[in-house]
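The next block is structure24.pdb, given as PDB, C-alpha atoms, pLDDT in the B column.
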ATOM      1  CA  MET A   1     -29.098 -26.601  34.842  1.00 52.00           C
ATOM      2  CA  ASP A   2     -30.328 -28.570  31.920  1.00 53.00           C
ATOM      3  CA  LYS A   3     -30.875 -32.295  31.602  1.00 55.00           C
ATOM      4  CA  ARG A   4     -29.595 -34.333  28.733  1.00 55.00           C
ATOM      5  CA  GLU A   5     -31.239 -37.027  26.736  1.00 60.00           C
ATOM      6  CA  GLY A   6     -29.800 -39.961  24.841  1.00 60.00           C
ATOM      7  CA  ARG A   7     -26.368 -41.336  25.625  1.00 62.00           C
ATOM      8  CA  GLU A   8     -25.773 -38.850  28.441  1.00 60.00           C
ATOM      9  CA  ALA A   9     -29.244 -39.174  30.001  1.00 58.00           C
ATOM     10  CA  GLY A  10     -27.987 -39.323  33.569  1.00 59.00           C
ATOM     11  CA  THR A  11     -25.759 -36.255  33.429  1.00 57.00           C
ATOM     12  CA  ILE A  12     -26.672 -32.768  34.526  1.00 57.00           C
ATOM     13  CA  ARG A  13     -24.823 -29.774  33.168  1.00 56.00           C
ATOM     14  CA  LEU A  14     -24.469 -26.474  34.968  1.00 56.00           C
ATOM     15  CA  ASN A  15     -25.067 -23.275  33.033  1.00 59.00           C
ATOM     16  CA  ASP A  16     -22.076 -21.608  34.621  1.00 56.00           C
ATOM     17  CA  PRO A  17     -19.772 -19.365  32.565  1.00 54.00           C
ATOM     18  CA  TRP A  18     -16.757 -20.724  34.429  1.00 56.00           C
ATOM     19  CA  TYR A  19     -17.722 -24.395  34.040  1.00 52.00           C
ATOM     20  CA  ASP A  20     -14.794 -26.393  32.689  1.00 52.00           C
ATOM     21  CA  ALA A  21     -16.294 -28.457  29.903  1.00 52.00           C
ATOM     22  CA  LEU A  22     -12.974 -30.120  29.071  1.00 52.00           C
ATOM     23  CA  ALA A  23     -12.687 -31.611  32.563  1.00 53.00           C
ATOM     24  CA  THR A  24     -16.090 -33.285  32.350  1.00 51.00           C
ATOM     25  CA  GLY A  25     -15.725 -36.995  31.788  1.00 50.00           C
ATOM     26  CA  TRP A  26     -11.943 -36.803  31.601  1.00 51.00           C
ATOM     27  CA  GLY A  27     -10.504 -40.263  31.739  1.00 50.00           C
ATOM     28  CA  GLU A  28     -13.910 -41.877  31.384  1.00 50.00           C
ATOM     29  CA  GLY A  29     -13.852 -42.477  27.657  1.00 50.00           C
ATOM     30  CA  ALA A  30     -15.834 -39.322  26.897  1.00 48.00           C
ATOM     31  CA  GLU A  31     -15.119 -37.039  23.995  1.00 49.00           C
ATOM     32  CA  ALA A  32     -11.926 -35.037  24.392  1.00 48.00           C
ATOM     33  CA  PHE A  33     -13.498 -31.768  23.263  1.00 48.00           C
ATOM     34  CA  PRO A  34     -17.047 -30.472  23.528  1.00 49.00           C
ATOM     35  CA  PRO A  35     -19.004 -30.448  20.296  1.00 51.00           C
ATOM     36  CA  ARG A  36     -18.641 -27.272  18.266  1.00 52.00           C
ATOM     37  CA  ARG A  37     -21.557 -24.911  18.026  1.00 53.00           C
ATOM     38  CA  PRO A  38     -22.854 -24.098  14.566  1.00 52.00           C
ATOM     39  CA  PRO A  39     -21.986 -20.588  13.383  1.00 51.00           C
ATOM     40  CA  ALA A  40     -24.304 -17.854  14.587  1.00 51.00           C
ATOM     41  CA  ASP A  41     -27.266 -16.974  12.445  1.00 50.00           C
ATOM     42  CA  ARG A  42     -26.864 -13.266  13.158  1.00 50.00           C
ATOM     43  CA  GLY A  43     -23.802 -11.321  12.110  1.00 50.00           C
ATOM     44  CA  ASP A  44     -23.909  -8.937  15.091  1.00 52.00           C
ATOM     45  CA  GLU A  45     -23.717 -11.657  17.749  1.00 58.00           C
ATOM     46  CA  LEU A  46     -20.546 -11.791  19.829  1.00 67.00           C
ATOM     47  CA  ARG A  47     -18.831 -15.011  20.840  1.00 77.00           C
ATOM     48  CA  ALA A  48     -17.701 -15.497  24.440  1.00 76.00           C
ATOM     49  CA  SER A  49     -14.071 -14.909  23.433  1.00 79.00           C
ATOM     50  CA  ASP A  50     -15.059 -11.564  21.889  1.00 83.00           C
ATOM     51  CA  ILE A  51     -16.778 -10.553  25.117  1.00 81.00           C
ATOM     52  CA  TYR A  52     -13.685 -11.429  27.155  1.00 82.00           C
ATOM     53  CA  LEU A  53     -11.401  -9.540  24.775  1.00 86.00           C
ATOM     54  CA  GLU A  54     -13.675  -6.500  24.910  1.00 84.00           C
ATOM     55  CA  VAL A  55     -13.654  -6.543  28.708  1.00 83.00           C
ATOM     56  CA  GLN A  56      -9.875  -7.001  28.725  1.00 85.00           C
ATOM     57  CA  ARG A  57      -9.491  -3.866  26.611  1.00 87.00           C
ATOM     58  CA  SER A  58     -11.833  -1.847  28.816  1.00 86.00           C
ATOM     59  CA  ALA A  59     -10.618   0.933  31.085  1.00 87.00           C
ATOM     60  CA  ALA A  60     -12.081  -0.790  34.170  1.00 85.00           C
ATOM     61  CA  PHE A  61     -10.046  -3.948  33.528  1.00 87.00           C
ATOM     62  CA  GLN A  62      -6.894  -1.930  32.895  1.00 89.00           C
ATOM     63  CA  GLU A  63      -7.476  -0.088  36.184  1.00 89.00           C
ATOM     64  CA  VAL A  64      -7.779  -3.382  38.102  1.00 89.00           C
ATOM     65  CA  ARG A  65      -4.590  -4.693  36.465  1.00 91.00           C
ATOM     66  CA  GLY A  66      -2.805  -1.408  37.194  1.00 90.00           C
ATOM     67  CA  ARG A  67      -3.797  -1.544  40.867  1.00 92.00           C
ATOM     68  CA  TYR A  68      -2.517  -5.115  41.018  1.00 92.00           C
ATOM     69  CA  ARG A  69       0.812  -4.205  39.434  1.00 93.00           C
ATOM     70  CA  ARG A  70       1.267  -1.091  41.562  1.00 94.00           C
ATOM     71  CA  PHE A  71       1.121  -3.272  44.667  1.00 94.00           C
ATOM     72  CA  VAL A  72       2.778  -6.497  43.551  1.00 94.00           C
ATOM     73  CA  VAL A  73       5.834  -5.145  41.735  1.00 96.00           C
ATOM     74  CA  PRO A  74       7.162  -2.964  44.585  1.00 96.00           C
ATOM     75  CA  ALA A  75       6.215  -5.548  47.230  1.00 95.00           C
ATOM     76  CA  THR A  76       8.002  -8.329  45.358  1.00 95.00           C
ATOM     77  CA  ALA A  77      11.054  -6.168  44.692  1.00 96.00           C
ATOM     78  CA  GLY A  78      11.210  -5.079  48.348  1.00 96.00           C
ATOM     79  CA  PHE A  79      10.858  -8.601  49.680  1.00 95.00           C
ATOM     80  CA  LEU A  80      13.485  -9.995  47.298  1.00 96.00           C
ATOM     81  CA  LEU A  81      15.858  -7.177  48.223  1.00 97.00           C
ATOM     82  CA  TRP A  82      15.295  -7.907  51.926  1.00 95.00           C
ATOM     83  CA  TYR A  83      15.904 -11.637  51.347  1.00 95.00           C
ATOM     84  CA  VAL A  84      19.073 -11.094  49.304  1.00 96.00           C
ATOM     85  CA  ALA A  85      20.363  -8.630  51.921  1.00 95.00           C
ATOM     86  CA  TYR A  86      19.852 -11.281  54.604  1.00 95.00           C
ATOM     87  CA  VAL A  87      21.698 -13.948  52.591  1.00 95.00           C
ATOM     88  CA  VAL A  88      24.534 -11.570  51.651  1.00 95.00           C
ATOM     89  CA  ALA A  89      24.922 -10.385  55.241  1.00 94.00           C
ATOM     90  CA  ALA A  90      24.960 -13.965  56.497  1.00 93.00           C
ATOM     91  CA  THR A  91      27.730 -14.932  54.082  1.00 94.00           C
ATOM     92  CA  THR A  92      29.854 -11.771  54.002  1.00 95.00           C
ATOM     93  CA  ALA A  93      29.489 -10.454  57.542  1.00 94.00           C
ATOM     94  CA  PRO A  94      29.479 -13.440  59.907  1.00 92.00           C
ATOM     95  CA  GLY A  95      30.813 -11.289  62.730  1.00 93.00           C
ATOM     96  CA  LEU A  96      27.859  -8.911  62.491  1.00 93.00           C
ATOM     97  CA  MET A  97      25.347 -11.757  62.268  1.00 93.00           C
ATOM     98  CA  ALA A  98      26.904 -13.527  65.270  1.00 93.00           C
ATOM     99  CA  ARG A  99      26.714 -10.451  67.489  1.00 94.00           C
ATOM    100  CA  PRO A 100      24.538 -11.251  70.512  1.00 92.00           C
ATOM    101  CA  VAL A 101      21.484  -9.079  71.105  1.00 93.00           C
ATOM    102  CA  VAL A 102      19.887 -10.609  74.207  1.00 92.00           C
ATOM    103  CA  GLY A 103      21.406 -13.711  75.785  1.00 90.00           C
ATOM    104  CA  SER A 104      21.913 -16.348  73.106  1.00 90.00           C
ATOM    105  CA  VAL A 105      19.723 -14.499  70.590  1.00 93.00           C
ATOM    106  CA  ASN A 106      21.931 -12.955  67.921  1.00 94.00           C
ATOM    107  CA  VAL A 107      21.401 -10.657  64.910  1.00 94.00           C
ATOM    108  CA  ALA A 108      21.154 -13.616  62.481  1.00 94.00           C
ATOM    109  CA  LEU A 109      18.360 -15.213  64.488  1.00 94.00           C
ATOM    110  CA  LEU A 110      16.412 -11.960  64.660  1.00 95.00           C
ATOM    111  CA  ALA A 111      16.903 -11.353  60.932  1.00 95.00           C
ATOM    112  CA  GLY A 112      15.748 -14.925  60.166  1.00 94.00           C
ATOM    113  CA  LEU A 113      12.651 -14.467  62.305  1.00 95.00           C
ATOM    114  CA  GLY A 114      12.170 -11.126  60.577  1.00 95.00           C
ATOM    115  CA  GLN A 115      11.984 -13.008  57.263  1.00 95.00           C
ATOM    116  CA  PHE A 116       9.040 -15.022  58.578  1.00 95.00           C
ATOM    117  CA  LEU A 117       7.391 -11.963  60.057  1.00 96.00           C
ATOM    118  CA  SER A 118       7.776  -9.987  56.836  1.00 95.00           C
ATOM    119  CA  THR A 119       6.260 -12.891  54.858  1.00 95.00           C
ATOM    120  CA  PHE A 120       3.168 -12.890  57.061  1.00 96.00           C
ATOM    121  CA  LEU A 121       2.913  -9.093  56.996  1.00 96.00           C
ATOM    122  CA  LEU A 122       3.222  -9.043  53.219  1.00 96.00           C
ATOM    123  CA  THR A 123       0.533 -11.703  52.898  1.00 95.00           C
ATOM    124  CA  TRP A 124      -1.786  -9.703  55.154  1.00 96.00           C
ATOM    125  CA  ALA A 125      -1.054  -6.487  53.216  1.00 95.00           C
ATOM    126  CA  TYR A 126      -1.718  -8.216  49.891  1.00 94.00           C
ATOM    127  CA  SER A 127      -5.059  -9.664  51.010  1.00 94.00           C
ATOM    128  CA  ARG A 128      -6.104  -6.322  52.500  1.00 94.00           C
ATOM    129  CA  HIS A 129      -5.114  -4.464  49.325  1.00 93.00           C
ATOM    130  CA  ALA A 130      -7.004  -6.973  47.189  1.00 92.00           C
ATOM    131  CA  ARG A 131     -10.114  -6.731  49.362  1.00 92.00           C
ATOM    132  CA  LEU A 132     -10.157  -2.931  49.498  1.00 91.00           C
ATOM    133  CA  ARG A 133      -8.838  -1.936  46.071  1.00 87.00           C
ATOM    134  CA  ARG A 134      -9.465  -4.727  43.567  1.00 88.00           C
ATOM    135  CA  ASP A 135     -12.036  -7.329  44.567  1.00 87.00           C
ATOM    136  CA  SER A 136     -15.182  -5.239  44.087  1.00 85.00           C
ATOM    137  CA  ALA A 137     -14.008  -3.911  40.710  1.00 87.00           C
ATOM    138  CA  ALA A 138     -12.997  -7.414  39.580  1.00 87.00           C
ATOM    139  CA  LEU A 139     -16.347  -8.790  40.699  1.00 87.00           C
ATOM    140  CA  ASP A 140     -18.115  -6.065  38.720  1.00 85.00           C
ATOM    141  CA  LEU A 141     -16.133  -7.090  35.631  1.00 86.00           C
ATOM    142  CA  ARG A 142     -16.953 -10.736  36.228  1.00 87.00           C
ATOM    143  CA  TRP A 143     -20.667  -9.978  36.440  1.00 87.00           C
ATOM    144  CA  THR A 144     -20.436  -7.814  33.331  1.00 84.00           C
ATOM    145  CA  VAL A 145     -19.041 -10.779  31.402  1.00 83.00           C
ATOM    146  CA  PHE A 146     -21.627 -13.106  32.899  1.00 85.00           C
ATOM    147  CA  GLU A 147     -24.534 -10.820  32.007  1.00 85.00           C
ATOM    148  CA  ARG A 148     -23.265 -10.285  28.463  1.00 82.00           C
ATOM    149  CA  GLU A 149     -22.912 -14.034  27.946  1.00 83.00           C
ATOM    150  CA  ARG A 150     -26.381 -14.627  29.357  1.00 82.00           C
ATOM    151  CA  GLY A 151     -27.719 -11.942  27.029  1.00 80.00           C
ATOM    152  CA  GLN A 152     -26.119 -13.723  24.085  1.00 78.00           C
ATOM    153  CA  GLU A 153     -27.700 -17.016  25.159  1.00 78.00           C
ATOM    154  CA  ARG A 154     -31.102 -15.340  25.405  1.00 79.00           C
ATOM    155  CA  SER A 155     -30.716 -13.734  21.998  1.00 77.00           C
ATOM    156  CA  ARG A 156     -30.007 -17.165  20.520  1.00 74.00           C
ATOM    157  CA  GLY A 157     -33.385 -18.231  21.828  1.00 70.00           C
ATOM    158  CA  GLY A 158     -32.130 -20.237  24.836  1.00 56.00           C
ATOM    159  CA  ARG A 159     -31.695 -23.390  22.787  1.00 56.00           C
ATOM    160  CA  GLY A 160     -29.521 -24.858  25.545  1.00 53.00           C
ATOM    161  CA  GLU A 161     -26.387 -24.739  23.431  1.00 51.00           C
ATOM    162  CA  GLY A 162     -23.526 -24.531  25.625  1.00 51.00           C
ATOM    163  CA  ARG A 163     -20.532 -25.355  27.430  1.00 50.00           C
TER     164      ARG A 163
END

Is it possible to express this structure as C-alpha cells?
Amino acid sequence: MDKREGREAGTIRLNDPWYDALATGWGEGAEAFPPRRPPADRGDELRASDIYLEVQRSAAFQEVRGRYRRFVVPATAGFLLWYVAYVVAATTAPGLMARPVVGSVNVALLAGLGQFLSTFLLTWAYSRHARLRRDSAALDLRWTVFERERGQERSRGGRGEGR
C-alpha cells in the first residue's frame, strides 16, 4: 500500500494487479480515468498489456483454455440435448410422459426431477474438473503475471506509479 499526499491525502491505494482503478471514487466527483503514466525511459520495458498478451499466447495458457473447452463444450451440448429431449417428449408424447411409474409418480415427474438432479451433478462435475485440472495451472499463470508486473515496477525504480 502507498499513501497519497495532496488532494487525496486520506486515501490508501492497494498495490494489487487486479485492483480496479476505474471503480475508485466512481460517482464521487473523482476523475473518470486514472492519470496516464509517462512513456517508459527504457525501450525494453514491457507494459502490463504486453505481459498479459504474452501469457495469453503461451502454451500453458492455451492448455488451460483447452482443458476448459474440452469439458464445457460437451457438457453444455449434452445438457442442452437432454433438456430439449425432455421438452420434445413432453409435447409430442403426452401418453408416454403420463405413464405411471409408482403410484401417482409418472415418467414426466421423474424426468423433471432428473433435470434438477443433472443440473446439480453437472455443477459438481464442473467444480471438480476445475479444481483438479485447471485451478493450479491458472493460479501459476496468475502468479507469473503478478511477478512479471512486480519486476517491471522494480525496474522502474519503485516510484509508486501505478494503478

Between CA of Val84 (chain A) and CA of Asn106 (chain A), what is the spacing in Å?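 Computed distance, CA of Asn106 (chain A) to CA of Val84 (chain A), equals 18.9 Å.
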
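CA of Val64 (chain A) sits 12.0 Å away from CA of Arg131 (chain A).
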
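When CA of Ala75 (chain A) is paired with CA of Leu122 (chain A), their separation reads 7.6 Å.
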
Near Ser118 (chain A), counting all atoms listed in the file, which residues have an atom at most 12 Å away, once you skip same-chain residues fewer than 3 positions from it, shown as a PyMOL selection string? chain A and resi 75-76+78-80+82-83+110-115+121-126

Restricting the output to C-alpha atoms, write the selected residues as a PDB file, in the frame of the given file.
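That gives us again_32.pdb:
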ATOM      1  CA  ALA A  75       6.215  -5.548  47.230  1.00 95.00           C
ATOM      2  CA  THR A  76       8.002  -8.329  45.358  1.00 95.00           C
ATOM      3  CA  GLY A  78      11.210  -5.079  48.348  1.00 96.00           C
ATOM      4  CA  PHE A  79      10.858  -8.601  49.680  1.00 95.00           C
ATOM      5  CA  LEU A  80      13.485  -9.995  47.298  1.00 96.00           C
ATOM      6  CA  TRP A  82      15.295  -7.907  51.926  1.00 95.00           C
ATOM      7  CA  TYR A  83      15.904 -11.637  51.347  1.00 95.00           C
ATOM      8  CA  LEU A 110      16.412 -11.960  64.660  1.00 95.00           C
ATOM      9  CA  ALA A 111      16.903 -11.353  60.932  1.00 95.00           C
ATOM     10  CA  GLY A 112      15.748 -14.925  60.166  1.00 94.00           C
ATOM     11  CA  LEU A 113      12.651 -14.467  62.305  1.00 95.00           C
ATOM     12  CA  GLY A 114      12.170 -11.126  60.577  1.00 95.00           C
ATOM     13  CA  GLN A 115      11.984 -13.008  57.263  1.00 95.00           C
ATOM     14  CA  LEU A 121       2.913  -9.093  56.996  1.00 96.00           C
ATOM     15  CA  LEU A 122       3.222  -9.043  53.219  1.00 96.00           C
ATOM     16  CA  THR A 123       0.533 -11.703  52.898  1.00 95.00           C
ATOM     17  CA  TRP A 124      -1.786  -9.703  55.154  1.00 96.00           C
ATOM     18  CA  ALA A 125      -1.054  -6.487  53.216  1.00 95.00           C
ATOM     19  CA  TYR A 126      -1.718  -8.216  49.891  1.00 94.00           C
TER      20      TYR A 126
END

Assuming the chain letters and numbering stay as they are in my file, what does the PyMOL selection byres ((chain A and resi 145) around 10) actually select? List them as a tab-separated table (two decimals) with C-alpha atoms, keeping the file's coordinate frame.
chain	number	residue	atom	x	y	z
A	17	PRO	CA	-19.77	-19.36	32.56
A	48	ALA	CA	-17.70	-15.50	24.44
A	51	ILE	CA	-16.78	-10.55	25.12
A	52	TYR	CA	-13.68	-11.43	27.16
A	54	GLU	CA	-13.68	-6.50	24.91
A	55	VAL	CA	-13.65	-6.54	28.71
A	139	LEU	CA	-16.35	-8.79	40.70
A	140	ASP	CA	-18.11	-6.06	38.72
A	141	LEU	CA	-16.13	-7.09	35.63
A	142	ARG	CA	-16.95	-10.74	36.23
A	143	TRP	CA	-20.67	-9.98	36.44
A	144	THR	CA	-20.44	-7.81	33.33
A	146	PHE	CA	-21.63	-13.11	32.90
A	147	GLU	CA	-24.53	-10.82	32.01
A	148	ARG	CA	-23.26	-10.28	28.46
A	149	GLU	CA	-22.91	-14.03	27.95
A	150	ARG	CA	-26.38	-14.63	29.36
A	151	GLY	CA	-27.72	-11.94	27.03

Centre and edge lengths of an axis-aligned box around all listed atoms of region 103-112 of chain A, with 6 Å added on each side, are to be given in Å to one decimal, as AutoDock Vina command-line options.
--center_x 18.8 --center_y -13.5 --center_z 68.0 --size_x 18.2 --size_y 17.7 --size_z 27.6
